[in-house]
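Text of the file protein_25.csv, holding CSV, C-alpha atoms and all ligand atoms:
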```csv
chain,number,residue,atom,x,y,z
A,256,LEU,CA,0.0,0.0,0.0
A,257,PHE,CA,2.6,2.5,1.0
A,258,THR,CA,5.2,2.3,-1.7
A,259,GLU,CA,8.8,3.3,-0.9
A,260,LEU,CA,9.1,6.9,-1.9
A,261,THR,CA,11.9,8.2,0.2
A,262,SER,CA,15.4,6.8,0.6
A,263,SER,CA,16.1,5.3,4.0
A,264,ASN,CA,17.7,8.5,5.4
A,265,GLY,CA,15.0,10.7,4.1
A,266,SER,CA,17.3,12.8,2.0
A,267,ALA,CA,16.8,13.9,-1.6
A,268,ALA,CA,17.2,11.6,-4.5
A,269,ARG,CA,19.8,12.6,-6.9
A,270,ALA,CA,20.0,11.2,-10.4
A,271,GLY,CA,23.6,10.0,-9.9
A,272,ARG,CA,22.6,7.8,-6.9
A,273,HIS,CA,19.7,6.2,-8.7
A,274,SER,CA,20.9,5.9,-12.2
A,275,LYS,CA,17.8,4.1,-13.3
A,276,ALA,CA,15.5,6.9,-12.1
A,277,THR,CA,14.3,9.0,-15.0
A,278,HIS,CA,14.4,12.8,-14.8
A,279,GLN,CA,10.7,12.9,-14.2
A,280,GLU,CA,10.8,10.3,-11.4
A,281,THR,CA,13.5,12.3,-9.7
A,282,LYS,CA,11.5,15.4,-10.1
A,283,THR,CA,8.3,13.9,-8.7
A,284,TYR,CA,10.3,12.4,-5.8
A,285,ASN,CA,11.9,15.8,-5.0
A,286,SER,CA,8.7,17.7,-5.3
A,287,ARG,CA,7.0,15.3,-2.9
A,288,LEU,CA,9.9,15.7,-0.5
A,289,VAL,CA,9.6,19.5,-0.6
A,290,LEU,CA,5.8,19.3,-0.1
A,291,ARG,CA,6.2,16.9,2.8
A,292,THR,CA,8.9,19.1,4.4
A,293,ILE,CA,6.5,22.1,4.3
A,294,TYR,CA,3.6,20.0,5.5
A,295,ASP,CA,5.6,18.7,8.5
A,296,HIS,CA,6.9,22.1,9.5
A,297,GLY,CA,3.8,24.1,9.2
A,298,GLN,CA,5.6,27.3,8.2
A,299,ILE,CA,9.0,27.3,6.7
A,300,SER,CA,11.2,29.3,4.3
A,301,ARG,CA,12.6,28.1,1.0
A,302,ALA,CA,16.1,28.3,2.5
A,303,ASP,CA,15.1,26.1,5.4
A,304,VAL,CA,13.5,23.6,3.0
A,305,ALA,CA,16.8,23.5,1.1
A,306,ARG,CA,18.7,22.9,4.3
A,307,ARG,CA,16.4,20.2,5.5
A,308,THR,CA,16.1,18.3,2.2
A,309,GLY,CA,19.7,18.7,1.0
A,310,LEU,CA,18.3,20.0,-2.3
A,311,SER,CA,19.9,23.1,-3.9
A,312,ARG,CA,18.1,26.5,-3.4
A,313,THR,CA,17.5,26.7,-7.1
A,314,THR,CA,15.8,23.3,-7.2
A,315,VAL,CA,13.7,24.2,-4.2
A,316,SER,CA,12.6,27.5,-5.7
A,317,GLU,CA,11.6,25.8,-9.0
A,318,LEU,CA,9.7,23.0,-7.2
A,319,VAL,CA,8.0,25.5,-4.8
A,320,ALA,CA,6.9,27.6,-7.9
A,321,GLU,CA,5.1,24.6,-9.2
A,322,LEU,CA,3.5,23.8,-5.9
A,323,LEU,CA,2.3,27.4,-5.7
A,324,ALA,CA,0.9,27.1,-9.2
A,325,GLN,CA,-0.9,23.9,-8.2
A,326,ASP,CA,-2.4,25.8,-5.2
A,327,LEU,CA,-1.0,23.2,-2.8
A,328,VAL,CA,1.3,25.7,-1.1
A,329,GLU,CA,0.9,29.4,-0.3
A,330,GLU,CA,3.1,32.2,0.8
A,331,ILE,CA,2.0,33.6,4.1
A,332,GLY,CA,4.2,36.6,4.9
A,333,PHE,CA,7.7,37.2,6.3
A,334,GLY,CA,9.6,35.3,8.9
A,335,LEU,CA,12.4,36.5,11.1
A,336,SER,CA,15.7,37.4,9.3
A,337,ASN,CA,18.8,35.9,10.6
A,338,GLY,CA,21.1,38.5,9.2
A,339,GLY,CA,20.3,38.3,5.5
A,340,LYS,CA,17.2,38.9,3.5
A,341,THR,CA,13.9,38.6,5.3
A,342,PRO,CA,12.6,35.1,4.3
A,343,ILE,CA,9.1,34.5,2.9
A,344,LEU,CA,7.3,31.7,4.8
A,345,LEU,CA,5.5,28.9,3.0
A,346,GLN,CA,2.7,26.7,4.2
A,347,VAL,CA,0.6,23.9,2.8
A,348,ARG,CA,-2.9,25.2,1.8
A,349,ASP,CA,-4.9,22.7,3.9
A,350,ALA,CA,-8.1,23.4,2.0
A,351,SER,CA,-6.6,23.1,-1.4
A,352,ARG,CA,-7.6,19.4,-1.8
A,353,SER,CA,-10.3,17.3,-0.1
A,354,LEU,CA,-10.4,13.7,0.9
A,355,ILE,CA,-13.3,11.5,1.8
A,356,GLY,CA,-13.1,8.9,4.6
A,357,VAL,CA,-15.9,6.3,5.2
A,358,ASP,CA,-16.3,4.1,8.3
A,359,LEU,CA,-18.4,1.0,7.8
A,360,SER,CA,-17.4,-0.7,11.1
A,361,ARG,CA,-20.1,0.6,13.4
A,362,ASP,CA,-23.9,0.3,13.8
A,363,GLU,CA,-24.1,3.5,11.8
A,364,PHE,CA,-22.2,4.2,8.6
A,365,ARG,CA,-20.3,7.4,8.8
A,366,ALA,CA,-18.5,9.5,6.1
A,367,GLU,CA,-16.6,12.8,6.2
A,368,LEU,CA,-15.2,15.2,3.8
A,369,VAL,CA,-11.8,16.3,5.3
A,370,ASN,CA,-9.0,18.7,4.4
A,371,LEU,CA,-5.3,17.9,4.1
A,372,ARG,CA,-5.0,17.9,7.9
A,373,GLY,CA,-7.9,15.5,8.4
A,374,GLU,CA,-10.1,18.3,9.7
A,375,THR,CA,-13.8,17.8,9.2
A,376,GLN,CA,-15.4,19.9,6.4
A,377,HIS,CA,-18.7,18.0,6.3
A,378,ALA,CA,-19.9,14.9,8.1
A,379,VAL,CA,-22.8,12.5,7.3
A,380,SER,CA,-24.1,9.3,8.9
A,381,GLN,CA,-26.9,6.9,8.6
A,382,PRO,CA,-27.9,4.1,11.0
A,383,LEU,CA,-27.4,0.7,9.5
A,384,LEU,CA,-30.6,-0.8,11.1
A,385,GLY,CA,-29.6,-4.3,10.2
A,386,ARG,CA,-29.2,-3.6,6.5
A,387,ARG,CA,-26.9,-6.1,4.8
A,388,GLY,CA,-25.8,-7.1,1.2
A,389,LYS,CA,-27.1,-4.8,-1.5
A,390,ALA,CA,-29.0,-2.6,1.0
A,391,ALA,CA,-25.8,-1.9,2.9
A,392,ILE,CA,-24.0,-1.0,-0.4
A,393,ASP,CA,-26.9,1.4,-1.3
A,394,LEU,CA,-26.4,3.1,2.1
A,395,VAL,CA,-22.7,3.8,1.1
A,396,TYR,CA,-23.9,5.4,-2.1
A,397,GLU,CA,-26.4,7.5,-0.2
A,398,LEU,CA,-23.7,8.9,2.1
A,399,LEU,CA,-21.3,9.6,-0.8
A,400,ASP,CA,-24.1,11.1,-3.0
A,401,GLU,CA,-24.5,13.7,-0.2
A,402,LEU,CA,-20.8,14.3,0.4
A,403,VAL,CA,-19.2,14.4,-3.0
A,404,PRO,CA,-21.0,17.4,-4.3
A,405,ARG,CA,-20.2,19.4,-1.2
A,406,ALA,CA,-16.4,19.4,-1.9
A,407,THR,CA,-15.2,22.9,-2.6
A,408,SER,CA,-11.7,21.6,-3.8
A,409,PRO,CA,-10.6,18.6,-5.9
A,410,VAL,CA,-11.3,15.3,-4.1
A,411,LEU,CA,-8.1,13.2,-4.0
A,412,GLY,CA,-9.8,10.0,-3.2
A,413,ILE,CA,-12.4,8.1,-1.2
A,414,GLY,CA,-11.0,5.8,1.5
A,415,ILE,CA,-13.2,3.2,3.0
A,416,GLY,CA,-12.6,1.3,6.3
A,417,SER,CA,-14.7,-1.9,6.1
A,418,PRO,CA,-15.1,-4.7,8.6
A,419,GLY,CA,-13.9,-8.1,7.4
A,420,LEU,CA,-11.1,-9.3,5.2
A,421,VAL,CA,-10.1,-7.1,2.3
A,422,ASP,CA,-8.2,-8.6,-0.6
A,423,ILE,CA,-5.6,-6.0,-1.5
A,424,GLU,CA,-4.0,-8.0,-4.4
A,425,ARG,CA,-7.4,-8.3,-6.2
A,426,GLY,CA,-8.0,-4.6,-6.1
A,427,ASN,CA,-9.4,-4.0,-2.7
A,428,GLN,CA,-12.3,-6.4,-2.9
A,429,VAL,CA,-14.1,-7.0,0.4
A,430,HIS,CA,-13.4,-10.7,0.5
A,431,TRP,CA,-15.5,-11.6,3.4
A,432,SER,CA,-17.6,-9.5,5.8
A,433,VAL,CA,-19.9,-11.5,8.1
A,434,ASN,CA,-22.0,-8.6,9.5
A,435,LEU,CA,-22.5,-6.9,6.2
A,436,ASP,CA,-23.1,-10.2,4.3
A,437,TRP,CA,-20.6,-9.2,1.6
A,438,MET,CA,-18.6,-11.9,-0.2
A,439,ASP,CA,-16.0,-11.0,-2.9
A,440,LEU,CA,-17.6,-7.6,-3.3
A,441,PRO,CA,-15.6,-5.4,-5.7
A,442,LEU,CA,-16.3,-2.3,-3.6
A,443,ARG,CA,-13.4,-0.2,-4.9
A,444,GLY,CA,-14.4,-0.8,-8.5
A,445,LEU,CA,-18.0,0.1,-7.8
A,446,ILE,CA,-17.2,3.3,-6.1
A,447,GLU,CA,-14.6,4.4,-8.7
A,448,SER,CA,-16.9,3.8,-11.7
A,449,HIS,CA,-19.8,5.6,-9.9
A,450,TYR,CA,-17.9,8.7,-8.8
A,451,ASP,CA,-14.9,8.8,-11.1
A,452,VAL,CA,-12.6,9.4,-8.0
A,453,PRO,CA,-9.9,7.0,-6.9
A,454,CYS,CA,-11.1,4.7,-4.1
A,455,SER,CA,-9.2,2.5,-1.6
A,456,VAL,CA,-10.8,-0.1,0.6
A,457,LEU,CA,-9.0,-1.3,3.8
A,458,ASN,CA,-10.0,-3.3,6.8
A,459,ASP,CA,-11.2,-0.8,9.4
A,460,CYS,CA,-8.5,-1.9,11.9
A,461,GLN,CA,-5.8,-1.4,9.4
A,462,ALA,CA,-7.2,2.0,8.6
A,463,SER,CA,-7.1,2.8,12.3
A,464,ALA,CA,-3.5,1.8,12.5
A,465,ILE,CA,-2.7,4.2,9.6
A,466,ALA,CA,-4.6,7.0,11.4
A,467,GLU,CA,-2.6,6.5,14.6
A,468,HIS,CA,0.6,6.4,12.6
A,469,PHE,CA,-0.2,9.5,10.6
A,470,PHE,CA,-2.1,11.7,13.1
A,471,GLY,CA,-1.3,10.2,16.5
A,472,PRO,CA,1.0,11.8,19.1
A,473,ASP,CA,3.8,9.4,18.1
A,474,ARG,CA,3.8,10.6,14.5
A,475,ASN,CA,7.2,10.2,12.8
A,476,ARG,CA,8.8,8.3,15.7
A,477,SER,CA,7.9,4.6,15.8
A,478,HIS,CA,8.1,2.4,12.7
A,479,ASN,CA,6.3,-0.4,14.4
A,480,LEU,CA,2.9,-0.1,15.9
A,481,VAL,CA,-0.1,-2.3,16.8
A,482,VAL,CA,-3.6,-0.7,17.0
A,483,ILE,CA,-6.3,-2.9,18.6
A,484,LYS,CA,-9.8,-1.6,17.9
A,485,SER,CA,-12.7,-2.7,20.0
A,486,GLU,CA,-16.1,-1.6,18.8
A,487,GLN,CA,-18.9,-3.8,17.3
A,488,GLY,CA,-16.1,-6.2,16.5
A,489,LEU,CA,-12.5,-6.6,17.6
A,490,GLY,CA,-9.4,-6.7,15.5
A,491,SER,CA,-6.0,-5.1,15.1
A,492,GLY,CA,-3.9,-3.4,12.5
A,493,LEU,CA,-0.2,-3.9,12.3
A,494,ILE,CA,2.4,-1.5,11.0
A,495,LEU,CA,5.8,-3.1,10.7
A,496,ASN,CA,8.9,-1.3,9.5
A,497,GLY,CA,6.7,1.7,8.5
A,498,GLN,CA,4.4,-0.4,6.3
A,499,ILE,CA,1.0,-1.8,6.9
A,500,PHE,CA,1.4,-5.6,7.3
A,501,HIS,CA,-1.3,-7.6,5.5
A,502,GLY,CA,-0.2,-11.1,6.0
A,503,ASP,CA,-0.4,-13.9,3.5
A,504,ASN,CA,-4.2,-13.8,3.1
A,505,ASN,CA,-4.9,-10.3,4.2
A,506,GLY,CA,-5.8,-11.6,7.7
A,507,ALA,CA,-2.9,-10.1,9.7
A,508,GLY,CA,-4.2,-8.7,13.0
A,509,GLU,CA,-7.5,-10.7,13.0
A,510,ILE,CA,-7.2,-11.5,16.6
A,511,GLY,CA,-10.9,-11.1,17.4
A,512,HIS,CA,-11.8,-14.7,16.5
A,513,VAL,CA,-9.1,-16.4,18.4
A,514,VAL,CA,-10.9,-18.6,21.0
A,515,VAL,CA,-9.9,-17.6,24.6
A,516,GLN,CA,-12.8,-19.2,26.5
A,517,PRO,CA,-13.7,-22.6,24.9
A,518,ASP,CA,-17.0,-22.8,26.8
A,519,GLY,CA,-17.8,-19.1,26.3
A,520,LEU,CA,-20.6,-17.3,24.6
A,521,PRO,CA,-21.4,-18.1,20.9
A,522,CYS,CA,-19.7,-15.8,18.4
A,523,ARG,CA,-21.0,-14.5,15.1
A,524,CYS,CA,-18.2,-16.5,13.4
A,525,GLY,CA,-19.7,-19.8,14.5
A,526,ASN,CA,-17.2,-20.5,17.3
A,527,ARG,CA,-17.6,-20.0,21.0
A,528,GLY,CA,-15.6,-17.8,23.4
A,529,CYS,CA,-13.7,-15.8,20.8
A,530,LEU,CA,-11.8,-12.8,22.1
A,531,GLU,CA,-14.4,-10.6,20.5
A,532,THR,CA,-17.2,-12.1,22.7
A,533,LEU,CA,-15.2,-11.0,25.8
A,534,ALA,CA,-13.6,-7.7,24.8
A,535,SER,CA,-15.4,-6.0,22.0
A,536,VAL,CA,-17.8,-3.2,23.1
A,537,SER,CA,-20.8,-5.3,21.9
A,538,GLY,CA,-19.4,-8.3,23.7
A,539,ILE,CA,-19.1,-6.4,27.0
A,540,LEU,CA,-22.7,-5.0,26.6
A,541,GLU,CA,-24.1,-8.4,25.8
A,542,ARG,CA,-22.4,-10.1,28.7
A,543,ILE,CA,-23.7,-7.5,31.1
A,544,ALA,CA,-27.2,-7.8,29.7
A,545,ALA,CA,-27.0,-11.6,29.9
A,546,GLN,CA,-26.0,-11.7,33.5
A,547,ARG,CA,-28.2,-8.8,34.8
A,548,PRO,CA,-31.3,-10.9,35.6
A,549,ARG,CA,-29.2,-13.2,37.8
A,550,ILE,CA,-27.8,-10.3,39.8
A,551,PRO,CA,-30.8,-8.1,40.3
A,552,ARG,CA,-29.2,-5.9,42.9
A,553,THR,CA,-26.6,-4.6,40.5
A,554,ALA,CA,-26.8,-0.8,40.1
A,555,VAL,CA,-27.3,-1.0,36.3
A,556,TYR,CA,-30.4,-3.2,36.7
A,557,ASN,CA,-33.5,-1.5,35.4
A,558,PRO,CA,-36.5,-3.8,35.1
A,559,ALA,CA,-38.1,-1.6,32.4
A,560,ARG,CA,-35.0,-1.9,30.2
A,561,ARG,CA,-34.1,-5.5,31.1
A,562,ARG,CA,-34.0,-6.7,27.6
A,563,GLN,CA,-32.2,-3.6,26.2
A,564,LEU,CA,-28.5,-3.3,26.0
A,565,LEU,CA,-26.8,-0.5,28.0
A,566,ASP,CA,-24.5,1.8,26.1
A,567,ILE,CA,-20.8,2.1,26.9
A,568,ASP,CA,-21.1,5.4,28.8
A,569,GLU,CA,-23.7,3.8,31.2
A,570,VAL,CA,-21.2,1.0,31.7
A,571,ARG,CA,-18.5,3.5,32.6
A,572,ARG,CA,-20.8,5.2,35.1
A,573,ALA,CA,-21.6,1.9,36.7
A,574,LEU,CA,-17.9,1.0,36.8
A,575,ASP,CA,-17.1,4.3,38.5
A,576,ASN,CA,-19.9,3.5,41.0
A,577,GLY,CA,-18.3,0.2,41.8
A,578,ASP,CA,-21.1,-2.0,40.4
A,579,PRO,CA,-19.8,-5.5,41.0
A,580,LEU,CA,-21.2,-7.2,37.9
A,581,VAL,CA,-20.0,-4.5,35.6
A,582,ARG,CA,-16.6,-4.5,37.3
A,583,GLN,CA,-16.3,-8.3,36.8
A,584,VAL,CA,-17.2,-8.1,33.1
A,585,VAL,CA,-14.9,-5.2,32.4
A,586,HIS,CA,-12.0,-6.8,34.3
A,587,GLU,CA,-12.5,-10.0,32.4
A,588,ALA,CA,-12.4,-8.0,29.1
A,589,GLY,CA,-9.2,-6.3,30.2
A,590,ALA,CA,-7.5,-9.5,31.2
A,591,ALA,CA,-8.4,-11.1,27.8
A,592,LEU,CA,-7.1,-8.1,26.0
A,593,GLY,CA,-3.9,-8.1,28.1
A,594,THR,CA,-3.4,-11.8,27.2
A,595,ALA,CA,-3.8,-11.1,23.5
A,596,ILE,CA,-1.4,-8.2,23.7
A,597,ALA,CA,1.2,-10.3,25.6
A,598,ASN,CA,1.0,-12.8,22.7
A,599,LEU,CA,1.5,-10.1,20.1
A,600,VAL,CA,4.4,-8.6,22.0
A,601,GLY,CA,6.0,-12.1,22.3
A,602,ALA,CA,5.6,-12.7,18.6
A,603,LEU,CA,6.5,-9.3,17.2
A,604,ASN,CA,8.3,-7.3,20.0
A,605,VAL,CA,6.4,-4.2,19.0
A,606,GLN,CA,6.8,-1.6,21.8
A,607,ARG,CA,3.9,0.6,21.1
A,608,ILE,CA,0.4,-0.8,21.4
A,609,VAL,CA,-2.6,1.5,21.0
A,610,ILE,CA,-6.1,0.6,22.0
A,611,ALA,CA,-8.8,2.4,20.1
A,612,GLY,CA,-12.6,2.3,19.6
A,613,GLY,CA,-15.5,2.7,21.9
A,614,ILE,CA,-13.9,0.6,24.6
A,615,VAL,CA,-11.6,3.6,25.4
A,616,ALA,CA,-14.6,5.2,27.2
A,617,LEU,CA,-14.0,2.7,30.1
A,618,GLY,CA,-11.0,4.7,31.1
A,619,GLN,CA,-8.0,4.1,33.4
A,620,GLU,CA,-9.5,1.2,35.4
A,621,LEU,CA,-9.6,-0.9,32.2
A,622,LEU,CA,-6.2,0.3,31.1
A,623,ASN,CA,-4.7,-0.7,34.5
A,624,VAL,CA,-6.1,-4.3,34.2
A,625,ILE,CA,-4.7,-4.6,30.6
A,626,GLN,CA,-1.3,-3.3,31.6
A,627,GLU,CA,-1.1,-5.6,34.6
A,628,GLU,CA,-2.0,-8.6,32.5
A,629,VAL,CA,0.6,-7.7,29.9
A,630,LEU,CA,3.2,-7.5,32.6
A,631,ARG,CA,2.1,-10.8,34.2
A,632,ARG,CA,2.2,-12.7,30.9
A,633,SER,CA,5.2,-11.4,29.1
A,634,LEU,CA,8.9,-11.8,29.4
A,635,THR,CA,9.8,-9.1,32.0
A,636,ALA,CA,12.4,-7.4,29.8
A,637,LEU,CA,10.0,-7.1,26.9
A,638,ALA,CA,7.0,-6.0,29.0
A,639,ARG,CA,9.0,-3.2,30.6
A,640,GLU,CA,9.6,-1.7,27.2
A,641,THR,CA,6.1,-2.1,26.0
A,642,GLU,CA,3.8,0.9,26.1
A,643,VAL,CA,0.1,0.1,26.1
A,644,VAL,CA,-2.0,3.3,25.7
A,645,PHE,CA,-5.4,4.5,24.7
A,646,SER,CA,-5.8,6.3,21.4
A,647,SER,CA,-6.6,10.0,21.5
A,648,LEU,CA,-8.1,10.0,18.0
A,649,GLY,CA,-11.6,9.2,19.2
A,650,SER,CA,-14.5,7.9,17.1
A,651,ARG,CA,-13.1,9.4,13.9
A,652,ILE,CA,-10.0,7.1,13.8
A,653,THR,CA,-11.2,4.9,10.9
A,654,ILE,CA,-12.3,7.9,8.8
A,655,LEU,CA,-8.9,9.6,9.4
A,656,GLY,CA,-6.9,6.5,8.5
A,657,ALA,CA,-9.0,5.6,5.4
A,658,SER,CA,-8.7,9.1,4.0
A,659,ALA,CA,-5.0,9.4,4.9
A,660,VAL,CA,-4.2,6.7,2.4
A,661,PHE,CA,-4.6,9.4,-0.3
A,662,LEU,CA,-2.3,11.9,1.5
A,663,GLN,CA,0.4,9.3,0.8
A,664,GLN,CA,-0.8,7.9,-2.6
A,665,GLU,CA,-1.5,11.2,-4.3
A,666,LEU,CA,0.8,13.7,-2.5
A,667,GLY,CA,3.5,11.5,-0.8
A,668,LEU,CA,2.8,13.1,2.6
A,669,THR,CA,4.0,10.1,4.5
A,670,PRO,CA,5.8,10.2,7.8
A,671,PHE,CA,7.0,6.8,7.0
A,672,ARG,CA,10.7,5.9,6.5
A,701,ZN,ZN,-15.6,-15.5,16.6
```

What's the structure tokens form of this structure?
Amino acid sequence: LFTELTSSNGSAARAGRHSKATHQETKTYNSRLVLRTIYDHGQISRADVARRTGLSRTTVSELVAELLAQDLVEEIGFGLSNGGKTPILLQVRDASRSLIGVDLSRDEFRAELVNLRGETQHAVSQPLLGRRGKAAIDLVYELLDELVPRATSPVLGIGIGSPGLVDIERGNQVHWSVNLDWMDLPLRGLIESHYDVPCSVLNDCQASAIAEHFFGPDRNRSHNLVVIKSEQGLGSGLILNGQIFHGDNNGAGEIGHVVVQPDGLPCRCGNRGCLETLASVSGILERIAAQRPRIPRTAVYNPARRRQLLDIDEVRRALDNGDPLVRQVVHEAGAALGTAIANLVGALNVQRIVIAGGIVALGQELLNVIQEEVLRRSLTALARETEVVFSSLGSRITILGASAVFLQQELGLTPFR
């Protein structure tokens, strides 16, 4: 997905070093390097761009002139002089292009038109209401029909985060999505032919990993990252050596359907006691609902709503109030997640593990249980260096990551090595 666009030390490509590179390739490469340097620094002069990229001032001036003509970059006034001429500062014009991100992983489909910093320009959503198959595809069209015409600048692409397995080699087909009843659905082709805009389809957890890598607080630092997302379902996205890792059959990170409790609750995949039944948001809600009638004194018991599920914020309040049933279910979820993380750490030795999705609402008490379990179940030396944190990107994480694919693909704005 993320093709190698920069040399390993991030410096400029020169024709002599890559004799096979054509003039045009070198120019595209250098132009992207200049744009990325401006993007990363916010405001920067041509001279500083030259210093940071190792390109000559003449080359930088030529490339900046083209970026100005393309409206991607703008001059915003004068910076401080350090002796010589007062430098003109450049910045990326964030509204000069638009991106669309779509999140199909929740009980409502959401889509947003965003600018080059991932800031919302317009947002739409529609409850799924059990729609599957063709009806679910129509819902995607409905959202995009509303968003696409609202773009006030060229749309670089439509990025979709979908639950299930996505076959990258066969052109982003949704190979298998149980809850949407999609099988070998050529979603990317459908969207591209309908809107005449490039489309990319990724598993929603992989999209979340890209979001954390691109927009998270650790941007530009770690090249390895695991993002575990707990929402309706549970899965993870792996970034290894600065690249999304798909695995042999695009199933890398599918930890939600590993059985952790052989006699546990039935799972939508057909098995029993999958990690997802214990530690996804819907799993937690269902387990509380299933046990409530047996423990009528629990604070969250409400006879009128006995058959309804709570929402995650109600679970948080009950947890804060020390509700014993809720505490037990949440702690079991945390222990199961901690075990899964310990296994990942043992296999991959990735130091940064980010937990995302609705489960983050459960706060520090859950995080403590997870961290303790990782410590208990890992080699001490590895566990000490492992950082398990909650994502700060909130419920937009899938949308952010799905759209960021085009920041890389179309503009080369990657923080990756
Ligand atoms: Zn399962």

Check every protein, DNA and RNA residue against ligand ZN 701 (chain A), keep those with an atom at most 10 Å away (counting all atoms listed in the file), and present them as an MDAnalysis selection string. chainID A and resid 488:489 510:514 520:532

Could you pull the residues within 12 Å of A:Gly444, counting all atoms listed in the file, minus those fewer than 3 positions along the same chain, as a list in words?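 Within the cut-off, the hits are Ile413, Arg425, Gly426, Asn427, Gln428, Val429, Asp439, Leu440, Pro441, Glu447, Ser448, His449, Tyr450, Asp451, Val452, Pro453, Cys454, Ser455 and Val456 of chain A.
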
Coordinates-based distance that separates atom CA of A:His468 from atom CA of A:Ile446 (Å, one decimal):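 Answer for the atom CA of A:Ile446 to atom CA of A:His468 separation: 26.0 Å.
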
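All residues of protein, DNA or RNA that reach within 8 Å of A:Tyr294, judged by all atoms listed in the file and not counting those fewer than 6 positions away in the chain, are Gln346, Val347 and Leu668 of chain A.
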
Among the residues A:Ala534, A:Leu368, A:Leu574, A:Ile392, the one that comes closest to A:Pro404 [using all atoms listed in the file]: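 Under the stated criterion, the closest residue is A:Leu368.
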
Which residue, A:Ala636, A:Ala462, A:Val379, A:Ile343, has the smallest gap to A:Asp303 when you use all atoms listed in the file?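 Closest residue, counting all atoms listed in the file: A:Ile343.
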
The distance between atom CA of A:Arg572 and atom CA of A:Gly492 is 29.5 Å

Quick one: distance from atom CA of A:Ile415 to atom CA of A:Asp503 in Å, one decimal?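 Atom CA of A:Asp503 lies at a distance of 21.4 Å from atom CA of A:Ile415.
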
Report as JSON lines: every residue of stretch 642-667 of chain A with an atom at most 9 Å from stretch 617-635 of chain A, its closest pair of atoms, and their distance in Å to one decimal, counting all atoms listed in the file, with rows sorted by chain and ascending residue number.
```
{"residue": "A:Glu642", "atom": "CA", "partner": "A:Gln626", "partner_atom": "CA", "distance": 8.6}
{"residue": "A:Val643", "atom": "CA", "partner": "A:Gln626", "partner_atom": "CA", "distance": 6.6}
{"residue": "A:Val644", "atom": "CA", "partner": "A:Leu622", "partner_atom": "CA", "distance": 7.5}
{"residue": "A:Phe645", "atom": "CA", "partner": "A:Leu622", "partner_atom": "CA", "distance": 7.7}
```

Grab all the atoms of stretch 280-286 of chain A that the file lists, wrap them in a box along x, y and z, add 5 Å per side, and give me centre plus edge lengths in Å (one decimal) as JSON.
```
{"center_x": 10.9, "center_y": 14.0, "center_z": -8.2, "size_x": 15.2, "size_y": 17.4, "size_z": 16.4}
```

Pull the neighbourhood of (-18.8, -3.9, 23.6) for me: all residues within 8 Å in file coordinates, counting all atoms listed in the file, as a PyMOL selection string. chain A and resi 485-488+534-541+567+613-614
